[in-house]
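Reading through the structure tokens given below for one structure.
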Amino acid sequence: MSDQTTLEQEIAVEQRHLDRVYARLAELRRAAAEAEREGYRLARVGNFGALVERDAMVFHAAQRRYVLDAEHEGLVFGRLDLRTGQVLHVGRLGVRDENAETLVVDWRAPAAAAFYQATPAEPMGVVRRRTIQSSAEKVTRIEDDLLDPESAPPELAVVGDGALLATLSRATGRGMRDIVATIQREQDEAIRSPGNGVTIVSGGPGTGKTAVALHRAAYLLYADRSRYAGGGILVVGPSSVFVEYIASVLPSLGEETATLHSLGSLFPGVSATRTDPPEVAAVKGSLRMRRVLERAVRDAAPGAPTELRLLYRGELLRLERAELDGIRDRALPRGARRNEVRRAGFDAVLAALYAQARTLRIGRLPEQPAFEDEIIDRPEFREFLKAWWPRLHPRHVLGWLAHPERLRRYAGGVLSGAELGLLAEAYRSLDGEGPTIADVALLDELDALLGKPVQRRRPQRDPFQLAGGVRELSTHADRQRAARAAARERPEDYRDYAHVVVDESQDVSPMQWRMIGRRGRLASWTVVGDPAQTAWTGDPQELTRARDQALGRRRRYRYELTTNYRNSAEIFAVAAAEIRRLYPDLALPSAVRSTGVAPVERVVPAAGLPAATVAAARELLAEVEGTVGVITPVPRRDEVAGWLDELGGGGRLQVVTSLQAKGMEYDGVVLVAPGEIRADPGSGVRTLYVALSRATQRLTTLEPAA
């Protein structure tokens, strides 16, 4: 029998099973729809119990129908033939037939672990592992691994050249794809790490750290949904480009409940994309900035009155600057939050005025409460209080740093003269261009130092109240559903996550660790990164302290990924040579495949760089089916994007800086001016190492001639 005939027969076998699975899926979908309709019919009973039951039935049936629809594509992707003779099919969700027999095992279930963890050295009872590729409801390809030849029956067929390499050779789309069908053993061990404590995953470029982190989030939601869906999972990435890239992975795994943020969007109402030069980011990210900010929040607001003058019953009551400053200092002891003790400052001003009035022996002076009521009623006094101790937003105080005199006063003795100069220069553009990514952590720190203004609790709005006092007609179930929705709604600045995922953790500054830590006080953690790729140029000991404080004393589980699945061996050899400039003895991951295509290195005249960039991008768009990334030095990004405007690329072309490229993956990469990236004295070589390791198939570097 020919290999082609064997392949066709085996595909037919899997097609029959797939047909059975999709037929059962259609039955389950119809049952869910019928349950939803039945729930609505319960409302006709007319009692409150039936209405509550209706609401519950409709909610759960609709939720089940959504899951069945979301996992339709590529539902079954694996098969295990066990030594016992049992056959298990592995897929995106568990499916049982009408007799409760298993048709598909959910990939996160313990029974599916062998699909990812079994090896020829340790087959875990698996004789043959098969990966199944499909399009819609049709099997298109199968690949087998024979793990235990001695236990294989004579009739067992083995086809294909290896599922992993076949999958890795496929073109990527604009977003990151899930790896649920090709997870490898060391990745699976990290994914299934215990839910408590801190799981730390390290590995070089292309080892699948990000994919592991996201699949781990999906695994935790499966293993303990009430805990992780109830408390929420926060995923933090380095940039908005990166977050957009990974946004489709969890939904493709059937999980919609995780919250994704970049470091520039963690603070409510801010979405920063600007980056600072490494030396400036190191200053802004240092824990010393907390001392600078502590001084700032205790200072008088710009334009605040320096004295208070009130005429009371013919006598002038007057508080000078020194006394006002003393009142503010006493009302704001160390550790107090300025916005939260505002009333104490106001009370102290009133007390000082009353004491002065008594000293002046004003006739018929009322008791202090009556005196204070009389003063508070005066509009000029209320205007003084608002100007002297205004409600402050973190953006107000951050803006104070743009004034050189204030910055010197706050940073004196904390930062060096050179560091002070860097900050002064950086904050000149704050008003016009807005905060940078590093500033977002400072805004969050200021928010913690200022506190929230004390406000009256507003009564909860009735969602069924219309304009003019008219109340919308609603059922009991409608009101119950609205109440549940209100209970589930999280505030914009939610800080009680059950699990926090930090990707590209090697670039998180000490101040950023403090920001993330405030959102993970009750959480378990997954932290992934590669120290060799770090762009952080500040104090490493300070960084370690801040990270350990954020993670707390939770138990640590450590995993190292050692195989580079992204780059061809030819491409990774170039990246490896670059990082060995800094770390000659660094243990690097092994690239598992070779394309036989060497990277292209071109030196072009500086004046010809625009044309050469357009030509190189056009070449790669023709050579690869997937995405092409043009990676530039940070200052050149907009300039290079302008060169490529006319090229288009049909959505397959993306221009990013060397910092935005962190965590990204492209089929082809054009790297513009690598020497300029390398020249940065802080993290240049490490950043170039990252840029060189983004391509899966083709790499072209363009170096302008000196």
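Ordered as shown in the structure tokens, chains take letters A, B, and onward, while each chain numbers its residues from 1 and ligands are numbered from 1 in the order shown.
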*Please provide the set of residues having any atom within 10 Å of A:Asp325, restricted to only C-alpha atoms, with same-chain residues fewer than 2 positions apart removed, written as a ChimeraX atom specification.*
/A:298-300,306-307,319-323,327-331
Pull N, CA, C and O atoms from the residues just selected and write them as an mmCIF file, in the first residue's frame.
```cif
data_model
loop_
_atom_site.group_PDB
_atom_site.id
_atom_site.type_symbol
_atom_site.label_atom_id
_atom_site.label_comp_id
_atom_site.auth_asym_id
_atom_site.auth_seq_id
_atom_site.Cartn_x
_atom_site.Cartn_y
_atom_site.Cartn_z
ATOM 1 N N ARG A 298 3.540 67.588 48.732
ATOM 2 C CA ARG A 298 3.442 68.380 49.960
ATOM 3 C C ARG A 298 3.626 69.868 49.698
ATOM 4 O O ARG A 298 3.481 70.687 50.607
ATOM 5 N N ASP A 299 3.944 70.215 48.451
ATOM 6 C CA ASP A 299 4.241 71.605 48.126
ATOM 7 C C ASP A 299 2.960 72.374 47.848
ATOM 8 O O ASP A 299 1.911 71.793 47.544
ATOM 9 N N ALA A 300 3.062 73.691 47.946
ATOM 10 C CA ALA A 300 1.929 74.544 47.601
ATOM 11 C C ALA A 300 1.661 74.457 46.106
ATOM 12 O O ALA A 300 2.586 74.363 45.290
ATOM 13 N N THR A 306 -0.738 83.287 49.069
ATOM 14 C CA THR A 306 0.301 83.216 50.098
ATOM 15 C C THR A 306 -0.125 83.873 51.406
ATOM 16 O O THR A 306 0.628 83.870 52.380
ATOM 17 N N GLU A 307 -1.292 84.461 51.421
ATOM 18 C CA GLU A 307 -1.814 85.006 52.667
ATOM 19 C C GLU A 307 -3.340 85.037 52.597
ATOM 20 O O GLU A 307 -3.938 84.998 51.522
ATOM 21 N N LEU A 319 -3.621 85.708 57.972
ATOM 22 C CA LEU A 319 -2.688 84.583 58.086
ATOM 23 C C LEU A 319 -1.618 84.748 57.019
ATOM 24 O O LEU A 319 -1.927 84.810 55.824
ATOM 25 N N GLU A 320 -0.351 84.830 57.449
ATOM 26 C CA GLU A 320 0.767 85.011 56.517
ATOM 27 C C GLU A 320 1.212 83.666 55.938
ATOM 28 O O GLU A 320 0.772 82.598 56.363
ATOM 29 N N ARG A 321 2.131 83.750 54.954
ATOM 30 C CA ARG A 321 2.605 82.545 54.257
ATOM 31 C C ARG A 321 3.185 81.521 55.224
ATOM 32 O O ARG A 321 2.872 80.334 55.132
ATOM 33 N N ALA A 322 4.024 81.951 56.162
ATOM 34 C CA ALA A 322 4.665 81.007 57.077
ATOM 35 C C ALA A 322 3.625 80.235 57.883
ATOM 36 O O ALA A 322 3.749 79.017 58.085
ATOM 37 N N GLU A 323 2.584 80.943 58.332
ATOM 38 C CA GLU A 323 1.568 80.267 59.127
ATOM 39 C C GLU A 323 0.747 79.316 58.261
ATOM 40 O O GLU A 323 0.406 78.210 58.679
ATOM 41 N N ILE A 327 0.368 75.299 58.727
ATOM 42 C CA ILE A 327 -0.928 74.609 58.820
ATOM 43 C C ILE A 327 -0.969 73.441 57.842
ATOM 44 O O ILE A 327 -1.398 72.332 58.184
ATOM 45 N N ARG A 328 -0.496 73.709 56.599
ATOM 46 C CA ARG A 328 -0.513 72.632 55.595
ATOM 47 C C ARG A 328 0.384 71.479 56.025
ATOM 48 O O ARG A 328 0.020 70.306 55.900
ATOM 49 N N ASP A 329 1.549 71.787 56.558
ATOM 50 C CA ASP A 329 2.482 70.729 56.971
ATOM 51 C C ASP A 329 1.904 69.906 58.123
ATOM 52 O O ASP A 329 2.049 68.674 58.148
ATOM 53 N N ARG A 330 1.260 70.572 59.076
ATOM 54 C CA ARG A 330 0.698 69.837 60.217
ATOM 55 C C ARG A 330 -0.507 68.995 59.800
ATOM 56 O O ARG A 330 -0.744 67.915 60.349
ATOM 57 N N ALA A 331 -1.271 69.490 58.839
ATOM 58 C CA ALA A 331 -2.442 68.740 58.369
ATOM 59 C C ALA A 331 -2.053 67.603 57.436
ATOM 60 O O ALA A 331 -2.879 66.745 57.118
#
```
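Contact shell of A:Leu287 at 9 Å (only C-alpha atoms; same-chain neighbours under 3 positions omitted): Val283, Lys284, Arg290, Arg291, Ser509, Pro510, Met511, Glu542, Leu543 and Ala546 of chain A.
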*asked:* I want to know what sits within 6 Å of A:Thr526, based on only C-alpha atoms, with residues of the same chain fewer than 6 positions away left out; could you give that as number ranges by chain?
replied: A: 198-200, 501
*Between A:Arg288, A:Arg274, A:Arg343, A:Arg358, which one has atoms that come closest to A:Leu317, using only C-alpha atoms?*
A:Arg358
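Those residues that approach stretch 607-609 of chain A to within 9 Å, counting only C-alpha atoms, are Val604, Pro605, Ala611, Ala612, Thr613, Val614, Val672, Ala673, Leu702, Glu703 and Pro704 of chain A; same-chain residues fewer than 2 positions away are not listed.
For the residues A:Gln506, A:Ser226, A:Thr632, A:Thr436, ranking by smallest atom-to-atom distance to A:Thr534 using only C-alpha atoms places A:Gln506 first.
Atom CA of A:Asp503 to atom CA of A:Gly237 spans 5.2 Å [interatomic distance, one decimal].
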